[in-house]
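Notes for the one structure printed next.
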Amino acid sequence: MFTQIRKEPLTAEEKKKLRFVLKTRLIIGAFFCPLLILGFILIGVNAINDMINGTPDTGTYFGIVLICAIVYLMIRFVIPFYKKSIKNLKREDKLVVNTVVLSVEQKWTSKGYKYLIQTEYRYIDSWSTTTIMKPSLPFHEMGVNMPITIHCFEDNKTDILYIEKTR
């Protein structure tokens, strides 16, 4: 079976769920952002005081490097994550991809099972993708040569609306 891709308009239920997901992500971000800023201020004030007093030590430099690393990671990962969430909300259509599962790999880690699914269309990592709508076909129920339909966005590889088994 060859992969078939078509565009369909988003349903009202899908748009509602996308709004809910964005609100949830913003609430979580609003909770952690003040804590992060407070930590930056405390580490920064201590580093500046050590520099002014002429007593910088390893902790001072570690604090400066820690702040730089966290700012880099926020710019690299968090900001694009929120941009994609806002972009998803503005979308009018989605991709509906009929494809076949080529391989399913289940790995046990200290945090639980991780599923790596290879389809004709794309590679899906259960830990790096978010399935927005429930119910969706669970990763552990997928098998080799199973025909599935992936409802996703064209340029967003981290958010999948839902996956269903094709009849």
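Labels used: A, B, ... for chains in the order of the structure tokens, numbers from 1 for residues in each chain, and numbers from 1 for ligands as shown.
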
Next on the checklist: Report as a list in words all protein, DNA and RNA residues lying within 12 Å of Lys114 in chain A, evaluated on only C-alpha atoms, omitting residues in the same chain fewer than 4 positions from it.
Outcome noted: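 The contact residues come out as Val104, Glu105, Gln106, Lys107, Trp108, Thr109, Ser110, Ile124, Asp125, Ser126, Trp127, Ser128, Thr129, Pro138, Phe139 and His140 of chain A.
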
List the spatial neighbours of Lys17 in chain A as a short mmCIF file (atom, residue, chain, number, x, y, z; two decimals) with N, CA and C atoms, in the first residue's frame - criterion: any atom at most 8 Å away, only C-alpha atoms, same-chain residues fewer than 4 positions off excluded.
```
data_model
loop_
_atom_site.label_atom_id
_atom_site.label_comp_id
_atom_site.auth_asym_id
_atom_site.auth_seq_id
_atom_site.Cartn_x
_atom_site.Cartn_y
_atom_site.Cartn_z
N GLU A 13 -14.52 20.22 16.95
CA GLU A 13 -13.99 19.52 18.13
C GLU A 13 -12.46 19.59 18.17
N VAL A 21 -5.42 22.70 24.61
CA VAL A 21 -4.01 22.33 24.74
C VAL A 21 -3.15 23.58 24.88
N ILE A 132 -2.75 14.63 20.61
CA ILE A 132 -3.61 15.64 21.21
C ILE A 132 -5.00 15.11 21.53
N MET A 133 -5.59 14.39 20.61
CA MET A 133 -6.98 13.94 20.78
C MET A 133 -7.02 12.52 21.34
#
```

Next on the checklist: Just want the 8 Å neighbourhood of range 88-91 of chain A, counted on only C-alpha atoms, with same-chain residues fewer than 3 positions away dropped. Output as a list in words.
Outcome noted: Leu10, Lys15, Leu18, Arg19, Leu22, Lys84, Ser85, Lys94 and Phe153 of chain A

Item to check | Spatial neighbours of Tyr123 in chain A, 12 Å, only C-alpha atoms, chain gap at least 3 places, as JSON, numbers by chain | outcome: {"A": [99, 100, 101, 102, 103, 104, 105, 115, 116, 117, 118, 119, 120, 126, 128, 129, 150, 157, 158]}

Next on the checklist: Write out as a list in words the set of residues from range 82-157 of chain A that DSSP, computed on the backbone, places in alpha helix (DSSP H).
Outcome noted: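 The alpha helix (DSSP H) subset of range 82-157 of chain A is Tyr82, Lys83, Lys84, Ser85, Ile86, Lys87, Asn88, Leu89 and Lys90 of chain A.
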
With C-alpha atoms retained, write the just-selected residues as a compact mmCIF listing (two decimals), in the first residue's frame.
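As a result, result30.txt now contains:
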```
# COMPACT_ATOMS: atom_id res chain seq x y z
CA TYR A 82 4.90 27.70 22.18
CA LYS A 83 5.15 29.19 18.68
CA LYS A 84 4.05 25.85 17.20
CA SER A 85 1.15 25.64 19.65
CA ILE A 86 -0.06 29.11 18.65
CA LYS A 87 0.45 28.28 14.96
CA ASN A 88 -1.61 25.08 15.40
CA LEU A 89 -4.48 27.11 16.79
CA LYS A 90 -4.53 29.34 13.69
```

Next on the checklist: From the options A:Ile64, A:Leu26, A:Lys16, A:Asp57, which residue's atoms come nearest to Leu42 in chain A, counting only C-alpha atoms?
Outcome noted: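 For Leu42 in chain A, the nearest of the candidates is A:Ile64.
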
Next on the checklist: For the strand (DSSP E or B) assignment from backbone DSSP, which residues of range 69-155 of chain A qualify? Please present them as JSON, numbers by chain.
Outcome noted: {"A": [93, 94, 95, 96, 97, 98, 99, 100, 101, 102, 103, 104, 105, 106, 107, 108, 109, 112, 113, 114, 115, 116, 117, 118, 119, 123, 124, 125, 130, 131, 147, 148, 149, 150, 151, 152, 153]}

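Take CA of Thr24 in chain A and CA of Asn156 in chain A: the distance between them is 18.7 Å.
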
Checklist entry - Could you state the separation of CA of Val144 in chain A and CA of Lys165 in chain A in Å, given to one decimal place? => result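 Between CA of Val144 in chain A and CA of Lys165 in chain A the gap is 12.3 Å.
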
Next on the checklist: Set the distance at 12 Å and use only C-alpha atoms: which residues neighbour Val97 in chain A once local chain neighbours fewer than 4 positions away are removed? I'd like the list as a PyMOL selection string.
Outcome noted: chain A and resi 2-8+101+119-122+147-154+160-166

Quick one: write out the picked residues with N, CA and C atoms as a short mmCIF file (atom, residue, chain, number, x, y, z; two decimals), in the first residue's frame?
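Output file out23.cif is given in full below:
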```cif
data_model
loop_
_atom_site.label_atom_id
_atom_site.label_comp_id
_atom_site.auth_asym_id
_atom_site.auth_seq_id
_atom_site.Cartn_x
_atom_site.Cartn_y
_atom_site.Cartn_z
N PHE A 2 0.58 2.15 -0.84
CA PHE A 2 1.33 3.40 -0.89
C PHE A 2 0.67 4.43 0.00
N THR A 3 1.48 5.30 0.52
CA THR A 3 0.98 6.35 1.40
C THR A 3 0.12 7.33 0.61
N GLN A 4 -1.06 7.63 1.15
CA GLN A 4 -1.96 8.60 0.53
C GLN A 4 -2.12 9.77 1.49
N ILE A 5 -1.89 10.97 0.98
CA ILE A 5 -1.97 12.18 1.80
C ILE A 5 -3.02 13.10 1.21
N ARG A 6 -3.91 13.59 2.07
CA ARG A 6 -4.91 14.56 1.63
C ARG A 6 -5.11 15.60 2.73
N LYS A 7 -5.61 16.75 2.34
CA LYS A 7 -5.91 17.81 3.29
C LYS A 7 -7.41 17.83 3.57
N GLU A 8 -7.73 18.02 4.84
CA GLU A 8 -9.12 18.14 5.25
C GLU A 8 -9.22 19.31 6.23
N VAL A 101 2.30 0.65 8.89
CA VAL A 101 3.38 0.52 9.87
C VAL A 101 4.40 -0.47 9.32
N THR A 119 6.74 4.23 9.82
CA THR A 119 5.69 4.05 8.83
C THR A 119 6.24 4.43 7.46
N GLU A 120 5.45 4.21 6.44
CA GLU A 120 5.85 4.64 5.10
C GLU A 120 5.97 6.16 5.04
N TYR A 121 5.18 6.84 5.85
CA TYR A 121 5.14 8.30 5.81
C TYR A 121 6.24 8.94 6.66
N ARG A 122 6.41 8.46 7.90
CA ARG A 122 7.37 9.08 8.80
C ARG A 122 7.68 8.18 9.97
N PRO A 147 -2.45 -1.13 8.62
CA PRO A 147 -2.79 0.13 7.97
C PRO A 147 -3.34 1.12 9.01
N ILE A 148 -2.79 2.32 9.04
CA ILE A 148 -3.23 3.34 9.99
C ILE A 148 -3.47 4.66 9.25
N THR A 149 -4.23 5.53 9.90
CA THR A 149 -4.46 6.87 9.40
C THR A 149 -3.96 7.85 10.44
N ILE A 150 -3.05 8.72 10.04
CA ILE A 150 -2.47 9.72 10.94
C ILE A 150 -3.08 11.07 10.60
N HIS A 151 -3.68 11.71 11.59
CA HIS A 151 -4.22 13.07 11.44
C HIS A 151 -3.20 14.00 12.09
N CYS A 152 -2.52 14.80 11.26
CA CYS A 152 -1.43 15.62 11.76
C CYS A 152 -1.37 16.94 11.00
N PHE A 153 -0.34 17.72 11.29
CA PHE A 153 -0.12 18.99 10.62
C PHE A 153 1.07 18.87 9.69
N GLU A 154 1.06 19.69 8.66
CA GLU A 154 2.05 19.57 7.60
C GLU A 154 3.49 19.80 8.08
N ILE A 160 0.61 15.38 16.97
CA ILE A 160 -0.26 14.58 16.12
C ILE A 160 -1.66 14.69 16.69
N LEU A 161 -2.64 15.01 15.87
CA LEU A 161 -4.01 15.10 16.37
C LEU A 161 -4.45 13.75 16.92
N TYR A 162 -4.43 12.74 16.08
CA TYR A 162 -4.72 11.39 16.55
C TYR A 162 -4.36 10.39 15.46
N ILE A 163 -4.26 9.13 15.87
CA ILE A 163 -3.95 8.03 14.95
C ILE A 163 -5.09 7.03 15.08
N GLU A 164 -5.54 6.53 13.95
CA GLU A 164 -6.60 5.52 13.99
C GLU A 164 -6.24 4.38 13.06
N LYS A 165 -6.78 3.23 13.36
CA LYS A 165 -6.58 2.06 12.53
C LYS A 165 -7.49 2.18 11.31
N THR A 166 -6.90 1.99 10.14
CA THR A 166 -7.68 2.05 8.90
C THR A 166 -8.38 0.72 8.69
#
```

Checklist entry - Which one of A:Glu92, A:Leu137, A:Thr55, A:Phe77 sits closest to Thr11 in chain A if you count only C-alpha atoms? => result A:Glu92

Item to check | Distance of CA of Phe62 in chain A from CA of Met74 in chain A, expressed in Å to one decimal place | outcome: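 Value for the CA of Met74 in chain A-CA of Phe62 in chain A distance: 18.1 Å.
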
Next on the checklist: Set the distance at 12 Å and use only C-alpha atoms: which residues neighbour Cys68 in chain A once local chain neighbours fewer than 6 positions away are removed? I'd like the list as an NGL selection string.
Outcome noted: :A and (40 or 43-44 or 61-62 or 74-75)
